[in-house]
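K.L.:
For reference, the file start_31.cif (mmCIF, N, CA and C atoms) is included below:
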```
data_structure
#
loop_
_atom_site.label_atom_id
_atom_site.label_comp_id
_atom_site.auth_asym_id
_atom_site.auth_seq_id
_atom_site.Cartn_x
_atom_site.Cartn_y
_atom_site.Cartn_z
N MET A 1 116.46 92.57 90.08
CA MET A 1 115.12 93.01 90.45
C MET A 1 114.83 92.72 91.92
N ALA A 2 115.41 91.63 92.43
CA ALA A 2 115.19 91.28 93.84
C ALA A 2 115.74 92.36 94.76
N THR A 3 116.89 92.92 94.40
CA THR A 3 117.47 93.98 95.22
C THR A 3 116.57 95.22 95.21
N THR A 4 116.07 95.57 94.05
CA THR A 4 115.15 96.71 93.94
C THR A 4 113.91 96.47 94.79
N ALA A 5 113.36 95.27 94.71
CA ALA A 5 112.17 94.94 95.50
C ALA A 5 112.46 95.06 96.99
N ASN A 6 113.60 94.54 97.41
CA ASN A 6 113.95 94.61 98.83
C ASN A 6 114.13 96.05 99.30
N VAL A 7 114.75 96.87 98.47
CA VAL A 7 114.94 98.28 98.82
C VAL A 7 113.58 98.97 98.94
N LEU A 8 112.67 98.70 98.01
CA LEU A 8 111.34 99.31 98.07
C LEU A 8 110.56 98.85 99.29
N VAL A 9 110.64 97.57 99.61
CA VAL A 9 109.98 97.07 100.82
C VAL A 9 110.58 97.74 102.06
N GLY A 10 111.89 97.89 102.08
CA GLY A 10 112.56 98.56 103.20
C GLY A 10 112.13 100.01 103.33
N LEU A 11 111.96 100.69 102.20
CA LEU A 11 111.52 102.08 102.23
C LEU A 11 110.08 102.20 102.75
N VAL A 12 109.22 101.28 102.34
CA VAL A 12 107.84 101.30 102.84
C VAL A 12 107.83 101.01 104.34
N ALA A 13 108.67 100.08 104.77
CA ALA A 13 108.77 99.79 106.21
C ALA A 13 109.26 101.03 106.97
N ALA A 14 110.26 101.70 106.43
CA ALA A 14 110.78 102.91 107.08
C ALA A 14 109.72 104.01 107.11
N LEU A 15 108.96 104.15 106.05
CA LEU A 15 107.88 105.13 106.02
C LEU A 15 106.88 104.87 107.14
N HIS A 16 106.52 103.61 107.34
CA HIS A 16 105.54 103.29 108.38
C HIS A 16 106.13 103.42 109.78
N ALA A 17 107.41 103.19 109.92
CA ALA A 17 108.06 103.45 111.21
C ALA A 17 108.06 104.95 111.50
N TYR A 18 108.30 105.75 110.48
CA TYR A 18 108.26 107.21 110.63
C TYR A 18 106.85 107.68 111.01
N ILE A 19 105.85 107.11 110.36
CA ILE A 19 104.46 107.46 110.69
C ILE A 19 104.15 107.07 112.13
N LEU A 20 104.66 105.93 112.58
CA LEU A 20 104.48 105.52 113.98
C LEU A 20 105.00 106.62 114.90
N VAL A 21 106.20 107.11 114.65
CA VAL A 21 106.79 108.14 115.50
C VAL A 21 105.94 109.42 115.46
N LEU A 22 105.53 109.83 114.27
CA LEU A 22 104.70 111.03 114.16
C LEU A 22 103.40 110.90 114.94
N GLU A 23 102.72 109.77 114.76
CA GLU A 23 101.40 109.61 115.36
C GLU A 23 101.44 109.27 116.84
N MET A 24 102.45 108.55 117.27
CA MET A 24 102.49 108.14 118.68
C MET A 24 103.20 109.15 119.57
N PHE A 25 104.23 109.82 119.06
CA PHE A 25 105.07 110.63 119.92
C PHE A 25 105.12 112.11 119.56
N LEU A 26 104.80 112.45 118.32
CA LEU A 26 104.93 113.84 117.89
C LEU A 26 103.60 114.47 117.49
N TRP A 27 102.51 113.81 117.75
CA TRP A 27 101.19 114.25 117.29
C TRP A 27 100.86 115.66 117.77
N GLU A 28 101.20 115.98 119.02
CA GLU A 28 100.86 117.28 119.58
C GLU A 28 101.96 118.33 119.35
N ARG A 29 103.04 117.92 118.74
CA ARG A 29 104.14 118.84 118.43
C ARG A 29 104.05 119.27 116.97
N LYS A 30 104.95 120.15 116.58
CA LYS A 30 104.91 120.74 115.25
C LYS A 30 104.86 119.71 114.11
N PRO A 31 105.71 118.66 114.10
CA PRO A 31 105.65 117.71 112.97
C PRO A 31 104.31 116.98 112.87
N GLY A 32 103.78 116.57 114.01
CA GLY A 32 102.49 115.87 114.00
C GLY A 32 101.35 116.77 113.61
N ARG A 33 101.39 118.00 114.10
CA ARG A 33 100.33 118.95 113.76
C ARG A 33 100.40 119.36 112.30
N ALA A 34 101.61 119.39 111.74
CA ALA A 34 101.74 119.68 110.31
C ALA A 34 101.13 118.55 109.49
N LEU A 35 101.31 117.33 109.95
CA LEU A 35 100.73 116.18 109.25
C LEU A 35 99.22 116.23 109.28
N SER A 36 98.65 116.50 110.45
CA SER A 36 97.20 116.46 110.61
C SER A 36 96.52 117.76 110.21
N GLY A 37 97.22 118.88 110.35
CA GLY A 37 96.61 120.17 110.12
C GLY A 37 95.76 120.65 111.28
N PHE A 38 95.88 119.98 112.42
CA PHE A 38 95.08 120.32 113.60
C PHE A 38 95.74 121.43 114.41
N ASP A 39 94.89 122.21 115.08
CA ASP A 39 95.42 123.16 116.04
C ASP A 39 95.77 122.39 117.32
N ALA A 40 96.37 123.09 118.29
CA ALA A 40 96.84 122.42 119.51
C ALA A 40 95.71 121.73 120.25
N GLU A 41 94.56 122.35 120.33
CA GLU A 41 93.44 121.76 121.07
C GLU A 41 92.94 120.47 120.40
N MET A 42 92.79 120.50 119.09
CA MET A 42 92.32 119.30 118.37
C MET A 42 93.38 118.20 118.42
N ALA A 43 94.65 118.57 118.32
CA ALA A 43 95.72 117.58 118.41
C ALA A 43 95.70 116.89 119.77
N ARG A 44 95.50 117.66 120.81
CA ARG A 44 95.43 117.10 122.17
C ARG A 44 94.22 116.16 122.29
N ALA A 45 93.10 116.57 121.73
CA ALA A 45 91.87 115.77 121.83
C ALA A 45 91.97 114.47 121.03
N THR A 46 92.72 114.49 119.93
CA THR A 46 92.81 113.31 119.07
C THR A 46 94.07 112.48 119.30
N ALA A 47 94.92 112.89 120.22
CA ALA A 47 96.19 112.19 120.44
C ALA A 47 96.01 110.70 120.74
N PRO A 48 95.04 110.27 121.56
CA PRO A 48 94.89 108.83 121.78
C PRO A 48 94.52 108.07 120.51
N LEU A 49 93.70 108.67 119.67
CA LEU A 49 93.35 108.02 118.40
C LEU A 49 94.56 107.94 117.48
N ALA A 50 95.33 109.01 117.42
CA ALA A 50 96.53 109.03 116.59
C ALA A 50 97.54 108.01 117.07
N ALA A 51 97.70 107.87 118.38
CA ALA A 51 98.64 106.89 118.92
C ALA A 51 98.22 105.48 118.54
N ASN A 52 96.92 105.22 118.54
CA ASN A 52 96.42 103.91 118.13
C ASN A 52 96.74 103.65 116.66
N GLN A 53 96.52 104.65 115.81
CA GLN A 53 96.88 104.53 114.40
C GLN A 53 98.37 104.31 114.24
N GLY A 54 99.15 105.02 115.02
CA GLY A 54 100.60 104.88 114.95
C GLY A 54 101.05 103.47 115.28
N LEU A 55 100.40 102.88 116.28
CA LEU A 55 100.73 101.51 116.65
C LEU A 55 100.49 100.56 115.48
N TYR A 56 99.37 100.73 114.80
CA TYR A 56 99.08 99.89 113.63
C TYR A 56 100.11 100.09 112.53
N ASN A 57 100.54 101.32 112.33
CA ASN A 57 101.60 101.56 111.35
C ASN A 57 102.89 100.87 111.76
N GLY A 58 103.15 100.81 113.07
CA GLY A 58 104.31 100.08 113.55
C GLY A 58 104.21 98.58 113.25
N PHE A 59 103.01 98.04 113.36
CA PHE A 59 102.83 96.62 113.02
C PHE A 59 103.11 96.39 111.53
N LEU A 60 102.69 97.32 110.68
CA LEU A 60 102.99 97.20 109.26
C LEU A 60 104.50 97.23 109.02
N ALA A 61 105.19 98.16 109.68
CA ALA A 61 106.65 98.25 109.54
C ALA A 61 107.33 96.98 110.02
N ALA A 62 106.89 96.46 111.16
CA ALA A 62 107.48 95.24 111.71
C ALA A 62 107.25 94.06 110.78
N GLY A 63 106.05 93.96 110.24
CA GLY A 63 105.75 92.86 109.32
C GLY A 63 106.60 92.93 108.07
N LEU A 64 106.78 94.11 107.53
CA LEU A 64 107.62 94.25 106.34
C LEU A 64 109.08 93.93 106.64
N ALA A 65 109.55 94.35 107.81
CA ALA A 65 110.92 94.00 108.21
C ALA A 65 111.07 92.49 108.36
N TRP A 66 110.07 91.86 108.95
CA TRP A 66 110.08 90.39 109.07
C TRP A 66 110.17 89.76 107.68
N GLY A 67 109.37 90.27 106.75
CA GLY A 67 109.40 89.74 105.39
C GLY A 67 110.77 89.88 104.73
N LEU A 68 111.50 90.93 105.09
CA LEU A 68 112.83 91.11 104.51
C LEU A 68 113.86 90.16 105.09
N ILE A 69 113.70 89.78 106.36
CA ILE A 69 114.73 88.93 106.98
C ILE A 69 114.39 87.44 106.98
N ALA A 70 113.12 87.11 106.76
CA ALA A 70 112.73 85.69 106.76
C ALA A 70 113.15 85.04 105.46
N ALA A 71 113.53 83.77 105.56
CA ALA A 71 113.89 83.01 104.37
C ALA A 71 112.64 82.72 103.54
N ASP A 72 112.83 82.57 102.25
CA ASP A 72 111.70 82.20 101.38
C ASP A 72 111.35 80.74 101.59
N PRO A 73 110.11 80.34 101.45
CA PRO A 73 109.01 81.12 100.89
C PRO A 73 108.31 82.03 101.91
N THR A 74 108.65 81.89 103.18
CA THR A 74 107.97 82.69 104.20
C THR A 74 108.18 84.18 103.97
N GLY A 75 109.40 84.62 103.70
CA GLY A 75 109.68 86.04 103.51
C GLY A 75 108.86 86.63 102.38
N PHE A 76 108.79 85.92 101.26
CA PHE A 76 107.99 86.38 100.12
C PHE A 76 106.53 86.51 100.51
N ARG A 77 106.00 85.50 101.14
CA ARG A 77 104.58 85.51 101.52
C ARG A 77 104.27 86.61 102.53
N VAL A 78 105.16 86.82 103.48
CA VAL A 78 104.95 87.87 104.49
C VAL A 78 105.01 89.24 103.82
N GLN A 79 105.94 89.44 102.91
CA GLN A 79 106.01 90.72 102.20
C GLN A 79 104.72 90.98 101.42
N ILE A 80 104.23 89.97 100.72
CA ILE A 80 102.98 90.13 99.96
C ILE A 80 101.84 90.49 100.91
N PHE A 81 101.71 89.75 102.00
CA PHE A 81 100.62 90.01 102.94
C PHE A 81 100.66 91.44 103.46
N PHE A 82 101.81 91.86 103.97
CA PHE A 82 101.89 93.19 104.57
C PHE A 82 101.82 94.31 103.54
N LEU A 83 102.33 94.10 102.34
CA LEU A 83 102.19 95.12 101.30
C LEU A 83 100.73 95.26 100.86
N VAL A 84 100.00 94.15 100.80
CA VAL A 84 98.57 94.24 100.51
C VAL A 84 97.86 95.00 101.63
N CYS A 85 98.24 94.74 102.88
CA CYS A 85 97.67 95.50 104.01
C CYS A 85 97.95 96.99 103.86
N VAL A 86 99.18 97.35 103.50
CA VAL A 86 99.54 98.75 103.29
C VAL A 86 98.68 99.35 102.18
N LEU A 87 98.55 98.62 101.08
CA LEU A 87 97.79 99.11 99.95
C LEU A 87 96.31 99.31 100.31
N VAL A 88 95.71 98.34 100.97
CA VAL A 88 94.31 98.45 101.37
C VAL A 88 94.12 99.62 102.34
N ALA A 89 95.01 99.73 103.32
CA ALA A 89 94.92 100.84 104.28
C ALA A 89 95.07 102.18 103.57
N GLY A 90 95.98 102.25 102.61
CA GLY A 90 96.19 103.49 101.87
C GLY A 90 94.99 103.85 101.01
N LEU A 91 94.39 102.87 100.38
CA LEU A 91 93.19 103.13 99.58
C LEU A 91 92.03 103.57 100.46
N TYR A 92 91.84 102.88 101.56
CA TYR A 92 90.76 103.23 102.47
C TYR A 92 90.97 104.64 103.04
N GLY A 93 92.17 104.92 103.48
CA GLY A 93 92.47 106.25 104.01
C GLY A 93 92.32 107.33 102.97
N GLY A 94 92.72 107.04 101.74
CA GLY A 94 92.59 108.02 100.67
C GLY A 94 91.14 108.34 100.35
N PHE A 95 90.30 107.33 100.39
CA PHE A 95 88.88 107.54 100.11
C PHE A 95 88.13 108.17 101.29
N THR A 96 88.53 107.85 102.51
CA THR A 96 87.72 108.26 103.66
C THR A 96 88.31 109.40 104.49
N ALA A 97 89.62 109.59 104.46
CA ALA A 97 90.23 110.58 105.36
C ALA A 97 90.86 111.75 104.60
N ASN A 98 91.81 111.45 103.72
CA ASN A 98 92.55 112.50 103.05
C ASN A 98 93.13 111.94 101.75
N ARG A 99 92.88 112.60 100.67
CA ARG A 99 93.35 112.12 99.36
C ARG A 99 94.88 112.01 99.27
N ARG A 100 95.58 112.77 100.10
CA ARG A 100 97.06 112.68 100.11
C ARG A 100 97.53 111.27 100.46
N ILE A 101 96.70 110.51 101.16
CA ILE A 101 97.09 109.17 101.59
C ILE A 101 97.27 108.25 100.38
N PHE A 102 96.56 108.54 99.28
CA PHE A 102 96.78 107.74 98.06
C PHE A 102 98.24 107.79 97.65
N ALA A 103 98.82 108.99 97.62
CA ALA A 103 100.21 109.16 97.18
C ALA A 103 101.20 108.77 98.26
N ALA A 104 100.86 109.05 99.52
CA ALA A 104 101.81 108.83 100.61
C ALA A 104 101.88 107.38 101.07
N GLN A 105 100.80 106.62 100.93
CA GLN A 105 100.79 105.25 101.44
C GLN A 105 100.44 104.23 100.36
N ALA A 106 99.33 104.45 99.65
CA ALA A 106 98.88 103.45 98.68
C ALA A 106 99.87 103.29 97.52
N LEU A 107 100.33 104.40 96.98
CA LEU A 107 101.25 104.33 95.84
C LEU A 107 102.56 103.63 96.18
N PRO A 108 103.25 104.01 97.26
CA PRO A 108 104.48 103.28 97.60
C PRO A 108 104.22 101.79 97.87
N GLY A 109 103.12 101.48 98.52
CA GLY A 109 102.78 100.08 98.76
C GLY A 109 102.55 99.32 97.47
N ALA A 110 101.85 99.94 96.53
CA ALA A 110 101.57 99.30 95.24
C ALA A 110 102.84 99.09 94.43
N VAL A 111 103.71 100.09 94.42
CA VAL A 111 104.97 99.98 93.67
C VAL A 111 105.84 98.87 94.27
N ALA A 112 105.95 98.84 95.60
CA ALA A 112 106.75 97.79 96.24
C ALA A 112 106.13 96.42 96.00
N LEU A 113 104.81 96.32 96.07
CA LEU A 113 104.13 95.05 95.81
C LEU A 113 104.41 94.57 94.38
N ALA A 114 104.30 95.46 93.42
CA ALA A 114 104.59 95.10 92.04
C ALA A 114 106.04 94.62 91.89
N ALA A 115 106.96 95.31 92.52
CA ALA A 115 108.37 94.92 92.44
C ALA A 115 108.61 93.55 93.04
N VAL A 116 107.98 93.27 94.19
CA VAL A 116 108.14 91.95 94.83
C VAL A 116 107.58 90.87 93.93
N LEU A 117 106.43 91.11 93.33
CA LEU A 117 105.82 90.11 92.44
C LEU A 117 106.65 89.91 91.18
N LEU A 118 107.18 90.98 90.63
CA LEU A 118 108.01 90.88 89.43
C LEU A 118 109.35 90.20 89.70
N ALA A 119 109.86 90.35 90.90
CA ALA A 119 111.16 89.77 91.25
C ALA A 119 111.05 88.26 91.48
N ARG A 120 109.88 87.77 91.65
CA ARG A 120 109.67 86.35 91.95
C ARG A 120 110.02 85.50 90.78
#
```
Output the structure of this file as structure tokens.

P.N.:
Amino acid sequence: MATTANVLVGLVAALHAYILVLEMFLWERKPGRALSGFDAEMARATAPLAANQGLYNGFLAAGLAWGLIAADPTGFRVQIFFLVCVLVAGLYGGFTANRRIFAAQALPGAVALAAVLLAR
């Protein structure tokens, strides 16, 4: 179960690293615009906000990576903290921005969190 939990945490970290790239570097290009649904003008106008969001997603990815490489009990505690952050951010985003965020962020975070807790 520990291996499954680690793989799930790694996948959530990779997802947030991918979101960082989309929001910070590709927001005004086709992949970023497909994510947001914005036209070129709106993407250009919102690019600084998206980059800020992307940076926060990078912090989530970095924290999860830290949790994977740190020895226990620190690694376990760091994974729990950052997965709860992912879950809260996903719930908030799903309620306030776009319902797709429930499936894209909150659900993977919740599944990984459950796996980490069960593996303990």

K.L.:
Which polymer residues have any atom within 8 Å of an atom of range 107-109 of chain A, counting only N, CA and C atoms, with same-chain residues fewer than 5 positions away left out, as a PyMOL selection string?

P.N.:
chain A and resi 8-9+11-12+82-88+90-91+101-102+114-115

K.L.:
Go through range 2-116 of chain A and collect every residue that DSSP, computed from the backbone, puts in alpha helix (DSSP H); the answer should be as a ChimeraX atom specification.

P.N.:
/A:2-25,30-36,40-69,74-96,100-101,107-116

K.L.:
Which residue, A:Leu60, A:Ile80, A:Leu113, A:Ala106, has the smallest gap to Ala17 in chain A when you use only N, CA and C atoms?

P.N.:
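Nearest to Ala17 in chain A: A:Leu60.
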
K.L.:
Using all atoms listed in the file, what residues lie at most 7 Å away from (102.0, 111.9, 106.7) (file coordinates), given as a PyMOL selection string?

P.N.:
chain A and resi 19+35-36+104

K.L.:
Would you work out the distance separating CA of Gln53 in chain A from CA of Pro73 in chain A, expressed in Å to one decimal?

P.N.:
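Pair CA of Gln53 in chain A / CA of Pro73 in chain A returns 29.6 Å.
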
K.L.:
Using all atoms listed in the file for the distances, tell me which of A:Ile69, A:Met24, A:Val7, A:Ala14 is nearest to Ala50 in chain A.

P.N.:
A:Met24

K.L.:
Report the distance between CA of Thr74 in chain A and atom C of Ala62 in chain A in Å, rounded to one decimal place.

P.N.:
13.2 Å

K.L.:
Could you please determine the separation between atom C of Gly63 in chain A and CA of Gln79 in chain A in Å, to one decimal place?

P.N.:
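Distance reported for this atom pair: 6.3 Å.
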
K.L.:
Nearest residue to Gly54 in chain A out of A:Asp39, A:Gly67, A:Ala34, A:Val21, using only N, CA and C atoms?

P.N.:
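Among A:Asp39, A:Gly67, A:Ala34, A:Val21, it is A:Val21 that comes nearest to Gly54 in chain A.
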
K.L.:
So which one's closest to Leu64 in chain A, A:Leu26, A:Met42, A:Ala103, A:Ala13? Using all atoms listed in the file, please.

P.N.:
A:Ala13

K.L.:
Please provide as number ranges by chain all residues within 12 Å of range 29-31 of chain A, with the sequence filter that same-chain residues fewer than 6 positions apart are discarded (counting only C-alpha atoms).

P.N.:
A: 18-19, 21-23, 37-44, 47

K.L.:
With distances taken over all atoms listed in the file, which of A:Ala97, A:Leu68, A:Leu49, A:Val116 is nearest to Thr4 in chain A?

P.N.:
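Between A:Ala97, A:Leu68, A:Leu49, A:Val116, the residue approaching Thr4 in chain A most closely is A:Val116.
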